[in-house]
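As structure tokens, the structure follows; a few thoughts come after it.
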Amino acid sequence: MSAPVVVDFGSEICGSLPAATEREWLVTNGLGGFACGTIAGVLTRRYHGLLIAALPGVGRFLVVSKVDEILRYAECDYALGANRWSSGAIEPQGFRWMGQFHLAGSIPVWRYSCADAVIEKRVWMQESENTTFIRYELIYASAPADLEIKALVNYRDIHATTRGQDWNAEITPVMQGLRVIACDGAPPVYLLSDVAQAQGRNEWYRNFDLAAERERGLDSCDDQLLAGVFRARLPPGGSVTIAFSTNPAPPLQDRFALAAREALDRKLLEYWIAAHPRASLEAPPWIWQLVLAAGQFPVRRRVSDESERWSILAGYPWFGEWGRDAMIALPGVALETGRLEVARSVLQEFPRFARQGLLPNAFSDQGAPSAYNSVDATLWYVEALRQYLTNTSDLSVIRSVFDALASMIDCYVHGTQFGIRMDPADGLLYAGEPGMQVTWMDAKVGDRVITARIGKPVEVNALWFNALGAMARFASELGKPAEEYTRLVERARLSFARYWNNDMHCCFDVIDGPDGNDASLRPNQIFAVSLQESPLNVEQRKQVVDICALRLVTPHGLRTLDSADANYCGRYEGPQSQRDAAYHQGTVWAWLLGPFVLAHLRVYGDPQHAFAFLEPIAHHLSAAGLGSVSEIFDGEAPFIPRGAFAQAWSVAEVLRAWRACHDAGLIVKEAARR
């Protein structure tokens with residue numbers, strides 16, 4: 001069982017430098033480590049590299065940057081690599097020889113045509129190891145060819161750059177390759193091959209131009225260290241495999257290493273098929289690709305020498321573990337794809353991170369204290385538990401966390417950090433304090449919070465209402481007292497009427513704020529329709545969906561602010577401060593497409609119409625982070641993808657909404673047969 005090919009380009013994309021550098025591939029290792037780059041081979045981000053290793057207690061470090069290859073064939077040299085230098089020069093320009101690029105499941109595959117020779121290149125990572133493999137095969141040729149591969153290394157945090165260094169690198173020959181210690185304090189990295197001969201080098205390549213970082217107003221110059229050159233002679237049909245690893249003995253037999261990666265792809269698809277046999281059978285090819293994309297976000301975290309836990313990374317290439325993101329993404333990434341062991345582990349482990357009723361907003365890769373400035377991470381956790389129970393009927397997880405859960409809710413009722421408390425006057429949640437952002441709209445420029453939303457945010461209280469209802473259900477099914485939760489649910493339902501803005505026929509975004517009620521038209525109200533229980537009446541739900549459809553919906557998600565608003569910013573570009581100011585002031589978020597489609601389906605009962613809002617995502621899978629869904633987009637056409645090129649909740653919510661449309665379509669078809 002393999003995924004159909006969805007991402008497949010010819011020379012019209014591969015041979016165009018602008019087109020080939022805006023499309024990025026990604027492979028992961030299930031530990032948080034990854035490799036990524038542009039299909040052209042040009043480094044455009046500080047996050048591009050062939051081995052970004054997840055190092056316990058240290059974080060994610062770039063240790064192998066890239067390779068530059070030269071194919072010597074028929075008395076000609078074909079440079080297959082590509083680099084952009086700070087001078088503006090593009091040299092070499094290997095993309096000129098690239099005839100094809102495609103994703104074979106999760107594995108990126110390049111084909112270069114050099115005279116009558118065709119050489120294929122594949123990149124993948126070994127699961128649960130900081131190991132990247134590159135395999136070259138001379139597919140067609142009328143004579144043998146010589147392949148030279150230059151391996152460039154580094155040692156830095158993924159968020160940094162390397163400039164003007166002159167390390168005393170230790171480059172030592174070992175069996176089948178080289179052992180490299182790039183600088184003092186760096187762990188050894190092994191550059192190995194099955195058949196190629198390695199020669200150590202120690203030469204700096206300076207002034208790589210990182211165009212994407214320059215566009216973001218950040219340091220855009222980087223240096224890399226040439227640590228070794230590999231050479232192999234390939235007969236027609238012959239192959240060579242290179243391994244970059246923190247492990248001194250990775251499995252270099254390429255057919256076994258590649259087969260293990262392909263088997264993992266098949267396993268991910270088999271989980272999904274077993275969970276949803278009919279939906280998977282009727283799914284379009286791009287949904288199959290998204291199932292594989294979802295498999296890149298769950299990662300294993302070491303708890304002790306004897307145990308580990310699953311977690312969910314928020315996105316690639318720069319996001320780590322975020323509590324809110326993990327809970328929103330979990331139903332789509334784990335439940336929709338049939339990975340129940342991931343869901344169980346995340347749900348059972350998260351309560352141990354709770355502090356005064358709050359779950360972490362962001363975890364640190366380096367072991368620093370977590371940040372807790374999130375009013376909704378705990379509420380999304382309850383929602384993830386509810387969806388887990390609905391999908392599995394497994395009460396054991398609920399039973400194991402119920403006491404911790406009850407304590408969290410109690411902290412919300414009586415008050416906790418960041419001004420979070422239930423208002424005794426109406427039973428709704430109040431949150432926020434000056435200088436602090438606690439909702440998902442959390443951008444901050446210096447000390448200025450862009451969307452403070454202090455008061456009673458609409459989505460927070462839609463989540464609060466649903467969390468209380470879920471607690472009543474959990475308590476009842478576990479044989480525990482549920483009356484207090486039921487009482488709080490009814491009080492919140494009655495009080496939610498205060499959100500209705502009769503002038504605009506939709507919900508206020510925040511009520512009871514420092515300046516009164518906020519009538520800004522934002523997408524947050526959609527959760528009052530999309531969540532399991534809605535505190536709005538039928539006509540109000542329709543009006544919320546309609547106004548979001550008319551004013552906020554785009555092909556790739558919902559704008560975070562109505563374009564008619566004076567604070568609207570339709571382009572997410574420029575330096576960090578400018579981008580942060582636009583982050584939730586008009587920028588489109590892909591993950592919001594899921595709740596909108598679910599709300600539309602609930603109101604109109606038309607699965608075909610609801611699915612139409614998802615269809616543009618199929619094209620996006622070939623436009624930015626290949627096979628995945630970006631974090632954000634510009635608010636104006638052509639809706640350029642921005643932010644992280646592979647975002648967990650974007651993928652997750654599209655998958656969840658697609659299956660809801662599919663299953664609703666089955667019900668409609670069955671009713672028509674009757």
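Identifiers in this document derive from the order of the structure tokens: chains are assigned A, B, ..., residues are numbered from 1 separately in each chain, and ligands are numbered from 1 in order of occurrence.
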
If you run DSSP on the backbone, which residues of stretch 29-253 of chain A are helix (DSSP H, G or I), as a ChimeraX atom specification?
/A:94-97,211-215

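All residues of protein, DNA or RNA that reach within 10 Å of stretch 661-667 of chain A, judged by only C-alpha atoms and not counting those fewer than 3 positions away in the chain, are Arg278, Ala279, Ser280, Glu282, Ala283, Val597, Leu598, Leu601, Arg602, Gly605, Asp606, Pro607, Gln608, His609, Ala610, Phe611, Ala612, Leu614, Arg656, Ala657, Trp658, Glu670, Ala671, Ala672 and Arg673 of chain A.
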
Would you put the residues from that selection into a file with C-alpha atoms, as a PDB file, in the first residue's frame?
```
ATOM      1  CA  ARG A 278     -14.510   3.478   3.654  1.00  0.00           C
ATOM      2  CA  ALA A 279     -13.300   7.075   3.918  1.00  0.00           C
ATOM      3  CA  SER A 280      -9.768   6.066   2.959  1.00  0.00           C
ATOM      4  CA  GLU A 282     -12.972   7.132  -1.296  1.00  0.00           C
ATOM      5  CA  ALA A 283     -10.419   9.793  -0.358  1.00  0.00           C
ATOM      6  CA  VAL A 597     -16.146  23.910   7.282  1.00  0.00           C
ATOM      7  CA  LEU A 598     -17.547  22.040  10.299  1.00  0.00           C
ATOM      8  CA  LEU A 601     -21.750  21.714   7.483  1.00  0.00           C
ATOM      9  CA  ARG A 602     -23.661  21.978  10.763  1.00  0.00           C
ATOM     10  CA  GLY A 605     -26.167  20.216   6.030  1.00  0.00           C
ATOM     11  CA  ASP A 606     -24.629  20.338   2.544  1.00  0.00           C
ATOM     12  CA  PRO A 607     -21.401  18.273   2.542  1.00  0.00           C
ATOM     13  CA  GLN A 608     -20.640  18.999  -1.104  1.00  0.00           C
ATOM     14  CA  HIS A 609     -20.787  22.756  -0.519  1.00  0.00           C
ATOM     15  CA  ALA A 610     -18.733  22.477   2.680  1.00  0.00           C
ATOM     16  CA  PHE A 611     -16.099  20.348   0.942  1.00  0.00           C
ATOM     17  CA  ALA A 612     -15.721  23.002  -1.768  1.00  0.00           C
ATOM     18  CA  LEU A 614     -11.330  22.592   1.276  1.00  0.00           C
ATOM     19  CA  ARG A 656     -10.772  16.359  10.338  1.00  0.00           C
ATOM     20  CA  ALA A 657     -13.037  18.584   8.244  1.00  0.00           C
ATOM     21  CA  TRP A 658     -12.589  16.433   5.141  1.00  0.00           C
ATOM     22  CA  GLU A 670     -28.159   6.811   2.140  1.00  0.00           C
ATOM     23  CA  ALA A 671     -31.169   9.060   2.752  1.00  0.00           C
ATOM     24  CA  ALA A 672     -31.551   9.575  -1.003  1.00  0.00           C
ATOM     25  CA  ARG A 673     -31.621   5.791  -1.567  1.00  0.00           C
TER      26      ARG A 673
END
```

Residue list (strand (DSSP E), DSSP) for stretch 535-629 of chain A, as a tab-separated table (two decimals) with N, CA, C and O atoms, in the first residue's frame:
```tsv
chain	number	residue	atom	x	y	z
A	553	VAL	N	-13.54	34.43	4.75
A	553	VAL	CA	-13.07	33.21	4.09
A	553	VAL	C	-12.23	33.55	2.86
A	553	VAL	O	-12.57	34.44	2.08
A	554	THR	N	-11.12	32.83	2.71
A	554	THR	CA	-10.26	32.89	1.52
A	554	THR	C	-10.03	31.45	1.06
A	554	THR	O	-10.45	30.49	1.74
A	557	GLY	N	-8.04	29.56	4.08
A	557	GLY	CA	-8.33	29.73	5.50
A	557	GLY	C	-9.13	31.00	5.73
A	557	GLY	O	-9.68	31.59	4.80
A	558	LEU	N	-9.17	31.44	6.98
A	558	LEU	CA	-9.94	32.63	7.35
A	558	LEU	C	-9.01	33.77	7.73
A	558	LEU	O	-8.00	33.56	8.43
A	559	ARG	N	-9.35	34.97	7.25
A	559	ARG	CA	-8.65	36.16	7.71
A	559	ARG	C	-8.89	36.34	9.20
A	559	ARG	O	-9.96	36.02	9.72
A	588	VAL	N	-4.20	35.35	7.00
A	588	VAL	CA	-5.06	34.16	6.90
A	588	VAL	C	-4.40	32.99	7.62
A	588	VAL	O	-3.21	32.72	7.44
A	589	TRP	N	-5.18	32.28	8.41
A	589	TRP	CA	-4.70	31.08	9.11
A	589	TRP	C	-5.42	29.86	8.54
A	589	TRP	O	-6.65	29.78	8.53
```

Using only C-alpha atoms, what table do you get, as CSV, when you list each residue of stretch 280-371 of chain A with an atom no more than 9 Å from stretch 393-405 of chain A, its nearest pair of atoms, and their distance in Å rounded to one decimal, rows by chain then rising number?
```
residue,atom,partner,partner_atom,distance
A:Arg344,CA,A:Val397,CA,6.8
A:Leu347,CA,A:Val397,CA,7.4
A:Gln348,CA,A:Val397,CA,6.5
A:Glu349,CA,A:Val401,CA,9.0
A:Pro351,CA,A:Ala404,CA,6.4
A:Arg352,CA,A:Ala404,CA,8.5
A:Ala354,CA,A:Ala404,CA,8.5
A:Gly357,CA,A:Leu405,CA,8.3
```

For A:Ile617, find every residue with an atom within 8 Å (counting only C-alpha atoms), except residues of its own chain fewer than 2 positions away, and show them as a PyMOL selection string.
chain A and resi 555-556+614-615+619-621+629

Restricting the calculation to only C-alpha atoms: of A:Asp423, A:Asp509, A:Asp325, A:Glu148, which residue gets closest to A:Val67?
A:Glu148

I want to know what sits within 12 Å of A:Leu281, based on only C-alpha atoms, with residues of the same chain fewer than 4 positions away left out; could you give that as a tab-separated table (two decimals) with N, CA and C atoms, in the first residue's frame?
```tsv
chain	number	residue	atom	x	y	z
A	1	MET	N	0.85	-1.19	0.00
A	1	MET	CA	0.00	0.00	0.00
A	1	MET	C	0.88	1.24	0.00
A	3	ALA	N	1.03	5.63	-1.12
A	3	ALA	CA	0.25	6.81	-1.45
A	3	ALA	C	0.39	7.13	-2.93
A	269	LEU	N	-0.18	4.74	6.59
A	269	LEU	CA	-1.38	4.62	5.77
A	269	LEU	C	-2.27	3.47	6.25
A	270	GLU	N	-1.66	2.39	6.70
A	270	GLU	CA	-2.45	1.25	7.19
A	270	GLU	C	-3.21	1.61	8.46
A	272	TRP	N	-4.39	4.52	9.18
A	272	TRP	CA	-5.50	5.36	8.72
A	272	TRP	C	-6.58	4.52	8.06
A	273	ILE	N	-6.18	3.60	7.21
A	273	ILE	CA	-7.15	2.75	6.51
A	273	ILE	C	-7.94	1.90	7.50
A	274	ALA	N	-7.24	1.37	8.51
A	274	ALA	CA	-7.93	0.55	9.51
A	274	ALA	C	-8.92	1.37	10.32
A	275	ALA	N	-8.57	2.63	10.59
A	275	ALA	CA	-9.47	3.49	11.37
A	275	ALA	C	-10.68	3.93	10.57
A	276	HIS	N	-10.49	4.17	9.27
A	276	HIS	CA	-11.57	4.71	8.44
A	276	HIS	C	-11.56	4.01	7.08
A	277	PRO	N	-11.94	2.74	7.04
A	277	PRO	CA	-11.79	1.96	5.80
A	277	PRO	C	-12.53	2.55	4.61
A	285	PRO	N	-6.50	11.66	-3.80
A	285	PRO	CA	-5.06	11.43	-3.56
A	285	PRO	C	-4.42	12.42	-2.60
A	287	ILE	N	-5.55	13.80	0.03
A	287	ILE	CA	-5.80	13.45	1.43
A	287	ILE	C	-4.84	12.35	1.88
A	288	TRP	N	-4.53	11.40	1.01
A	288	TRP	CA	-3.52	10.39	1.33
A	288	TRP	C	-2.18	11.06	1.66
A	659	ARG	N	-13.00	14.50	6.59
A	659	ARG	CA	-13.75	13.28	6.92
A	659	ARG	C	-15.17	13.60	7.37
A	662	HIS	N	-17.05	13.92	4.25
A	662	HIS	CA	-17.22	12.59	3.63
A	662	HIS	C	-18.33	11.82	4.32
```

The residue from A:Lys121, A:Arg309, A:Arg96, A:Lys150 with the smallest atom-to-atom distance to A:Ala343, counting only C-alpha atoms, is A:Arg309

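Comparing A:Met504, A:Val333, A:Met125, A:Val651 by their smallest distance to A:Gly627, the closest is A:Val651 (using only C-alpha atoms).
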